[in-house]
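I have placed the structure first, in the form of structure tokens, so that the comments after it can refer back to it.
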Amino acid sequence: MKRFECLKILSSMIDPKTIVVANIGPISREWNALRPSEANLLQVNLGLCAAVGLGISVSLPHRQVVILDGDGNLLLNLASLADMANQNLGNTIHVVLDNEAYEGGGGLRSATAGKADLSAIARGAGVAQSGTVTTLEEFESTVRRSLTGAGHHFIVAKVEKGSVPNLPTLTLDGKEAKYRFARYIESTEGVQILRPRYTHI
């Protein structure tokens, strides 16, 4: 199962207003090619994707939030799963695209290439709706159920290493992505997040 095919399925199923948080690396680039949107918060640093998604989910409980994570990324901060479980989220789908490698760092094997089972870890942390899928059919049906049901859904999608050729270049860095997303939330939620800096002469 290829990561890009999973993302293509997901992009066809979610609402345009769904907030998507994606980690740094190939996932952000592939997702941006499929669903370019100001509702995307892309290029979130290693180990922080779940934590940032948690903050958004808690702050905006009326919005649907999808977190696009990687195995290596999540393994750097497994404590975030326990934090998420303790918040009893009602609006979050956490998808881990598990290729058993640190692809952005040259393809070194991650712990999930060995004995680590992220869906079991999530259940142990208290995320009851956790599971692993290995086919596109399983992925689609699991995402469909998750989109129609409230709660915190944790989906590990076992995917192959490698991306697809000829994707648009993602020129957005983490800082620019943050400001773009903040302005999107300001305009759609009617709140002020960014405040001007004043200089004294």
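Identifiers in the structure tokens: chain A, B, ... in order shown; residue index from 1 per chain; ligand index from 1 in order shown.
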Worksheet item: If we count only C-alpha atoms, what is near stretch 86-99 of chain A at a cut-off of 6 Å, once residues fewer than 2 positions away on the same chain are taken out, given as number ranges by chain?
Response: A: 64-71, 83-84, 101, 150-161
Those selected residues, please, written with N, CA, C and O atoms and delivered as a JSON list (two decimals), in the first residue's frame.
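Result went into selection-v1.json, see below:
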[["chain", "number", "residue", "atom", "x", "y", "z"],
["A", 64, "GLN", "N", -13.41, 19.67, 12.85],
["A", 64, "GLN", "CA", -12.80, 18.35, 12.68],
["A", 64, "GLN", "C", -11.31, 18.53, 12.40],
["A", 64, "GLN", "O", -10.92, 19.37, 11.59],
["A", 65, "VAL", "N", -10.49, 17.73, 13.09],
["A", 65, "VAL", "CA", -9.05, 17.82, 12.96],
["A", 65, "VAL", "C", -8.49, 16.46, 12.54],
["A", 65, "VAL", "O", -8.81, 15.44, 13.15],
["A", 66, "VAL", "N", -7.69, 16.47, 11.48],
["A", 66, "VAL", "CA", -7.00, 15.26, 11.02],
["A", 66, "VAL", "C", -5.51, 15.49, 11.20],
["A", 66, "VAL", "O", -4.96, 16.52, 10.76],
["A", 67, "ILE", "N", -4.85, 14.56, 11.85],
["A", 67, "ILE", "CA", -3.40, 14.62, 12.05],
["A", 67, "ILE", "C", -2.74, 13.58, 11.15],
["A", 67, "ILE", "O", -3.08, 12.40, 11.22],
["A", 68, "LEU", "N", -1.83, 14.03, 10.31],
["A", 68, "LEU", "CA", -1.09, 13.14, 9.42],
["A", 68, "LEU", "C", 0.33, 13.01, 9.96],
["A", 68, "LEU", "O", 1.14, 13.93, 9.87],
["A", 69, "ASP", "N", 0.59, 11.86, 10.54],
["A", 69, "ASP", "CA", 1.83, 11.63, 11.27],
["A", 69, "ASP", "C", 2.63, 10.53, 10.60],
["A", 69, "ASP", "O", 2.11, 9.77, 9.77],
["A", 70, "GLY", "N", 3.89, 10.41, 10.97],
["A", 70, "GLY", "CA", 4.72, 9.31, 10.53],
["A", 70, "GLY", "C", 5.18, 8.50, 11.73],
["A", 70, "GLY", "O", 5.16, 8.98, 12.87],
["A", 71, "ASP", "N", 5.60, 7.28, 11.48],
["A", 71, "ASP", "CA", 6.02, 6.42, 12.59],
["A", 71, "ASP", "C", 7.24, 7.00, 13.31],
["A", 71, "ASP", "O", 7.27, 7.09, 14.54],
["A", 83, "ASP", "N", -1.36, 12.11, 26.53],
["A", 83, "ASP", "CA", -1.98, 13.42, 26.70],
["A", 83, "ASP", "C", -3.27, 13.52, 25.90],
["A", 83, "ASP", "O", -4.28, 14.05, 26.39],
["A", 84, "MET", "N", -3.26, 13.02, 24.68],
["A", 84, "MET", "CA", -4.46, 13.06, 23.84],
["A", 84, "MET", "C", -5.58, 12.23, 24.46],
["A", 84, "MET", "O", -6.74, 12.66, 24.52],
["A", 101, "ALA", "N", 10.31, 3.41, 8.68],
["A", 101, "ALA", "CA", 11.60, 4.03, 8.36],
["A", 101, "ALA", "C", 11.57, 5.53, 8.61],
["A", 101, "ALA", "O", 10.50, 6.15, 8.63],
["A", 150, "ALA", "N", -18.01, 10.53, 16.27],
["A", 150, "ALA", "CA", -17.25, 11.42, 17.14],
["A", 150, "ALA", "C", -16.20, 10.63, 17.90],
["A", 150, "ALA", "O", -16.23, 9.39, 17.96],
["A", 151, "GLY", "N", -15.25, 11.35, 18.47],
["A", 151, "GLY", "CA", -14.24, 10.70, 19.28],
["A", 151, "GLY", "C", -12.84, 10.95, 18.78],
["A", 151, "GLY", "O", -12.59, 11.84, 17.97],
["A", 152, "HIS", "N", -11.93, 10.14, 19.27],
["A", 152, "HIS", "CA", -10.52, 10.20, 18.89],
["A", 152, "HIS", "C", -10.18, 8.87, 18.22],
["A", 152, "HIS", "O", -10.17, 7.83, 18.87],
["A", 153, "HIS", "N", -9.94, 8.92, 16.93],
["A", 153, "HIS", "CA", -9.67, 7.71, 16.15],
["A", 153, "HIS", "C", -8.19, 7.69, 15.77],
["A", 153, "HIS", "O", -7.66, 8.66, 15.25],
["A", 154, "PHE", "N", -7.55, 6.56, 16.02],
["A", 154, "PHE", "CA", -6.13, 6.40, 15.76],
["A", 154, "PHE", "C", -5.95, 5.29, 14.74],
["A", 154, "PHE", "O", -6.31, 4.13, 15.00],
["A", 155, "ILE", "N", -5.41, 5.63, 13.57],
["A", 155, "ILE", "CA", -5.29, 4.67, 12.47],
["A", 155, "ILE", "C", -3.83, 4.56, 12.05],
["A", 155, "ILE", "O", -3.22, 5.56, 11.64],
["A", 156, "VAL", "N", -3.27, 3.38, 12.17],
["A", 156, "VAL", "CA", -1.93, 3.13, 11.66],
["A", 156, "VAL", "C", -2.07, 2.49, 10.28],
["A", 156, "VAL", "O", -2.66, 1.40, 10.15],
["A", 157, "ALA", "N", -1.58, 3.17, 9.26],
["A", 157, "ALA", "CA", -1.64, 2.65, 7.89],
["A", 157, "ALA", "C", -0.23, 2.18, 7.51],
["A", 157, "ALA", "O", 0.70, 2.98, 7.41],
["A", 158, "LYS", "N", -0.08, 0.88, 7.32],
["A", 158, "LYS", "CA", 1.20, 0.31, 6.95],
["A", 158, "LYS", "C", 1.45, 0.56, 5.47],
["A", 158, "LYS", "O", 0.76, 0.00, 4.61],
["A", 159, "VAL", "N", 2.41, 1.41, 5.16],
["A", 159, "VAL", "CA", 2.67, 1.82, 3.78],
["A", 159, "VAL", "C", 4.10, 1.50, 3.37],
["A", 159, "VAL", "O", 4.98, 1.28, 4.21],
["A", 160, "GLU", "N", 4.31, 1.50, 2.06],
["A", 160, "GLU", "CA", 5.64, 1.26, 1.51],
["A", 160, "GLU", "C", 6.49, 2.53, 1.63],
["A", 160, "GLU", "O", 5.97, 3.64, 1.71],
["A", 161, "LYS", "N", 7.79, 2.35, 1.61],
["A", 161, "LYS", "CA", 8.68, 3.50, 1.53],
["A", 161, "LYS", "C", 8.62, 4.08, 0.11],
["A", 161, "LYS", "O", 8.31, 3.39, -0.84]]
Worksheet item: Neighbours of A:Val164 within 12 Å (only C-alpha atoms; same-chain residues fewer than 3 positions away dropped), as a PyMOL selection string?
Response: chain A and resi 2-5+7+26-27+29-31+33-34+160-161+167-168
Item to complete: Within 7 Å of stretch 102-110 of chain A, counting only C-alpha atoms, which residues show up once you throw out same-chain ones fewer than 2 positions away? Write them as a VMD selection string, please.
Response: chain A and resid 25 72 100 112 to 113
I want to know what sits within 12 Å of A:Glu137, based on only C-alpha atoms, with residues of the same chain fewer than 3 positions away left out; could you give that as a tab-separated table (two decimals) with all heavy atoms, in the first residue's frame?
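Output file out-v8.tsv follows:
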chain	number	residue	atom	x	y	z
A	1	MET	N	0.86	-1.19	0.00
A	1	MET	CA	0.00	0.00	0.00
A	1	MET	C	0.89	1.24	0.00
A	1	MET	O	1.83	1.34	0.79
A	1	MET	CB	-0.89	-0.06	1.25
A	1	MET	CG	-1.79	1.11	1.46
A	1	MET	SD	-3.11	0.79	2.66
A	1	MET	CE	-2.20	0.87	4.21
A	5	GLU	N	-1.45	6.95	-2.19
A	5	GLU	CA	-2.79	6.44	-2.48
A	5	GLU	C	-3.69	6.59	-1.27
A	5	GLU	O	-4.88	6.90	-1.40
A	5	GLU	CB	-2.71	4.99	-2.93
A	5	GLU	CG	-2.01	4.78	-4.26
A	5	GLU	CD	-2.65	5.57	-5.39
A	5	GLU	OE1	-3.90	5.60	-5.45
A	5	GLU	OE2	-1.92	6.18	-6.20
A	6	CYS	N	-3.15	6.36	-0.08
A	6	CYS	CA	-3.93	6.58	1.15
A	6	CYS	C	-4.34	8.05	1.27
A	6	CYS	O	-5.50	8.36	1.57
A	6	CYS	CB	-3.12	6.17	2.37
A	6	CYS	SG	-2.83	4.41	2.55
A	9	ILE	N	-7.14	9.00	-1.12
A	9	ILE	CA	-8.45	8.57	-0.61
A	9	ILE	C	-8.94	9.54	0.45
A	9	ILE	O	-10.09	10.00	0.43
A	9	ILE	CB	-8.36	7.13	-0.05
A	9	ILE	CG1	-8.19	6.13	-1.19
A	9	ILE	CG2	-9.60	6.79	0.78
A	9	ILE	CD1	-7.85	4.72	-0.73
A	10	LEU	N	-8.07	9.86	1.39
A	10	LEU	CA	-8.46	10.76	2.48
A	10	LEU	C	-8.86	12.12	1.95
A	10	LEU	O	-9.87	12.70	2.39
A	10	LEU	CB	-7.30	10.89	3.46
A	10	LEU	CG	-7.51	11.81	4.66
A	10	LEU	CD1	-8.64	11.31	5.54
A	10	LEU	CD2	-6.22	11.95	5.46
A	133	VAL	N	-4.25	-0.83	9.60
A	133	VAL	CA	-4.78	-1.27	8.31
A	133	VAL	C	-3.61	-1.53	7.37
A	133	VAL	O	-2.56	-0.88	7.45
A	133	VAL	CB	-5.75	-0.24	7.70
A	133	VAL	CG1	-6.97	-0.04	8.60
A	133	VAL	CG2	-5.06	1.10	7.44
A	134	THR	N	-3.82	-2.48	6.46
A	134	THR	CA	-2.74	-2.86	5.55
A	134	THR	C	-3.15	-2.83	4.08
A	134	THR	O	-2.33	-3.10	3.21
A	134	THR	CB	-2.22	-4.28	5.88
A	134	THR	OG1	-3.31	-5.20	5.80
A	134	THR	CG2	-1.63	-4.32	7.29
A	140	GLU	N	-9.83	2.93	3.54
A	140	GLU	CA	-11.00	3.72	3.17
A	140	GLU	C	-12.17	3.47	4.12
A	140	GLU	O	-12.82	4.41	4.58
A	140	GLU	CB	-11.43	3.42	1.73
A	140	GLU	CG	-12.62	4.25	1.28
A	140	GLU	CD	-12.92	4.09	-0.20
A	140	GLU	OE1	-12.22	3.32	-0.87
A	140	GLU	OE2	-13.86	4.75	-0.67
A	141	SER	N	-12.44	2.21	4.42
A	141	SER	CA	-13.58	1.90	5.29
A	141	SER	C	-13.34	2.41	6.71
A	141	SER	O	-14.27	2.90	7.37
A	141	SER	CB	-13.86	0.40	5.29
A	141	SER	OG	-12.76	-0.33	5.82
A	142	THR	N	-12.11	2.33	7.19
A	142	THR	CA	-11.80	2.81	8.53
A	142	THR	C	-11.91	4.32	8.61
A	142	THR	O	-12.46	4.88	9.57
A	142	THR	CB	-10.39	2.36	8.96
A	142	THR	OG1	-10.31	0.94	8.87
A	142	THR	CG2	-10.08	2.79	10.38
A	143	VAL	N	-11.40	5.02	7.60
A	143	VAL	CA	-11.52	6.48	7.57
A	143	VAL	C	-12.99	6.88	7.48
A	143	VAL	O	-13.43	7.81	8.18
A	143	VAL	CB	-10.72	7.07	6.39
A	143	VAL	CG1	-11.07	8.54	6.18
A	143	VAL	CG2	-9.23	6.92	6.64
A	144	ARG	N	-13.76	6.19	6.67
A	144	ARG	CA	-15.18	6.52	6.53
A	144	ARG	C	-15.90	6.41	7.88
A	144	ARG	O	-16.68	7.28	8.26
A	144	ARG	CB	-15.84	5.61	5.49
A	144	ARG	CG	-17.23	6.06	5.07
A	144	ARG	CD	-17.80	5.18	3.97
A	144	ARG	NE	-16.93	5.09	2.83
A	144	ARG	CZ	-16.82	6.03	1.89
A	144	ARG	NH1	-17.53	7.14	1.99
A	144	ARG	NH2	-15.99	5.87	0.88
A	157	ALA	N	-1.58	3.17	9.26
A	157	ALA	CA	-1.64	2.65	7.89
A	157	ALA	C	-0.23	2.18	7.51
A	157	ALA	O	0.70	2.98	7.41
A	157	ALA	CB	-2.11	3.73	6.92
Item to complete: Please report, as a ChimeraX atom specification, each residue of stretch 9-200 of chain A to which DSSP assigns helix (DSSP H, G or I) when run on this structure's backbone.
Response: /A:9-13,26-34,49-59,71-75,79-86,103-105,111-113,118-125,136-148,174-189
Would you write out those residues with C-alpha atoms, as a compact mmCIF listing (two decimals), in the first residue's frame?
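The resulting file, result31.txt, is reproduced below:
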# COMPACT_ATOMS: atom_id res chain seq x y z
CA ILE A 9 -8.45 8.57 -0.61
CA LEU A 10 -8.46 10.76 2.48
CA SER A 11 -8.39 13.99 0.48
CA SER A 12 -11.48 12.92 -1.45
CA MET A 13 -13.43 12.23 1.75
CA PRO A 26 7.26 13.76 2.31
CA ILE A 27 3.84 13.61 3.99
CA SER A 28 3.43 17.40 3.83
CA ARG A 29 4.62 17.54 0.24
CA GLU A 30 2.25 14.78 -0.91
CA TRP A 31 -0.70 16.19 1.03
CA ASN A 32 -0.12 19.69 -0.35
CA ALA A 33 -0.16 18.27 -3.89
CA LEU A 34 -3.51 16.60 -3.24
CA CYS A 49 2.75 16.70 15.06
CA ALA A 50 0.49 14.93 17.57
CA ALA A 51 1.08 17.56 20.25
CA VAL A 52 0.24 20.43 17.90
CA GLY A 53 -2.81 18.57 16.63
CA LEU A 54 -3.90 18.03 20.22
CA GLY A 55 -3.69 21.75 20.95
CA ILE A 56 -5.79 22.58 17.91
CA SER A 57 -8.37 19.90 18.72
CA VAL A 58 -8.79 21.17 22.28
CA SER A 59 -8.89 24.83 21.20
CA ASP A 71 6.02 6.42 12.59
CA GLY A 72 9.43 7.98 13.16
CA ASN A 73 7.83 11.30 13.99
CA LEU A 74 5.44 9.86 16.57
CA LEU A 75 8.08 7.63 18.14
CA ALA A 79 3.86 10.79 25.58
CA SER A 80 1.58 12.83 23.31
CA LEU A 81 -0.67 9.78 22.93
CA ALA A 82 -1.30 9.69 26.67
CA ASP A 83 -1.98 13.42 26.70
CA MET A 84 -4.46 13.06 23.84
CA ALA A 85 -6.27 10.17 25.52
CA ASN A 86 -6.67 12.12 28.75
CA GLU A 103 12.44 8.30 5.16
CA GLY A 104 13.34 11.98 5.36
CA GLY A 105 16.59 11.04 7.07
CA ALA A 111 11.27 0.78 15.79
CA THR A 112 8.08 -0.28 13.99
CA ALA A 113 10.26 -2.32 11.63
CA LEU A 118 1.88 1.88 17.48
CA SER A 119 -1.81 0.97 17.60
CA ALA A 120 -1.16 -1.23 20.66
CA ILE A 121 0.80 1.62 22.25
CA ALA A 122 -2.08 4.01 21.58
CA ARG A 123 -4.58 1.62 23.16
CA GLY A 124 -2.29 1.24 26.14
CA ALA A 125 -2.19 5.04 26.44
CA LEU A 136 -6.47 0.54 0.68
CA GLU A 137 -9.90 -1.01 1.17
CA GLU A 138 -9.33 -1.25 4.91
CA PHE A 139 -7.99 2.28 4.99
CA GLU A 140 -11.00 3.72 3.17
CA SER A 141 -13.58 1.90 5.29
CA THR A 142 -11.80 2.81 8.53
CA VAL A 143 -11.52 6.48 7.57
CA ARG A 144 -15.18 6.52 6.53
CA ARG A 145 -16.25 5.16 9.93
CA SER A 146 -14.00 7.64 11.70
CA LEU A 147 -15.36 10.61 9.78
CA THR A 148 -18.94 9.76 10.70
CA GLY A 174 7.44 25.74 8.98
CA LYS A 175 7.39 29.39 9.99
CA GLU A 176 5.43 30.54 6.94
CA ALA A 177 3.04 27.61 7.32
CA LYS A 178 2.36 28.63 10.92
CA TYR A 179 1.51 32.23 10.05
CA ARG A 180 -0.65 31.25 7.08
CA PHE A 181 -2.60 28.81 9.23
CA ALA A 182 -3.01 31.33 12.05
CA ARG A 183 -4.47 33.87 9.63
CA TYR A 184 -6.85 31.21 8.30
CA ILE A 185 -8.10 30.48 11.82
CA GLU A 186 -8.48 34.21 12.48
CA SER A 187 -10.64 34.65 9.38
CA THR A 188 -12.79 31.54 9.87
CA GLU A 189 -13.21 31.76 13.65
Practice prompt. As a PyMOL selection string, list the residues of stretch 1-156 of chain A assigned to strand (DSSP E or B) by DSSP on the backbone atoms of this structure.
Written response: chain A and resi 19-23+40-44+65-70+91-98+101-102+108-109+129-133+151-156
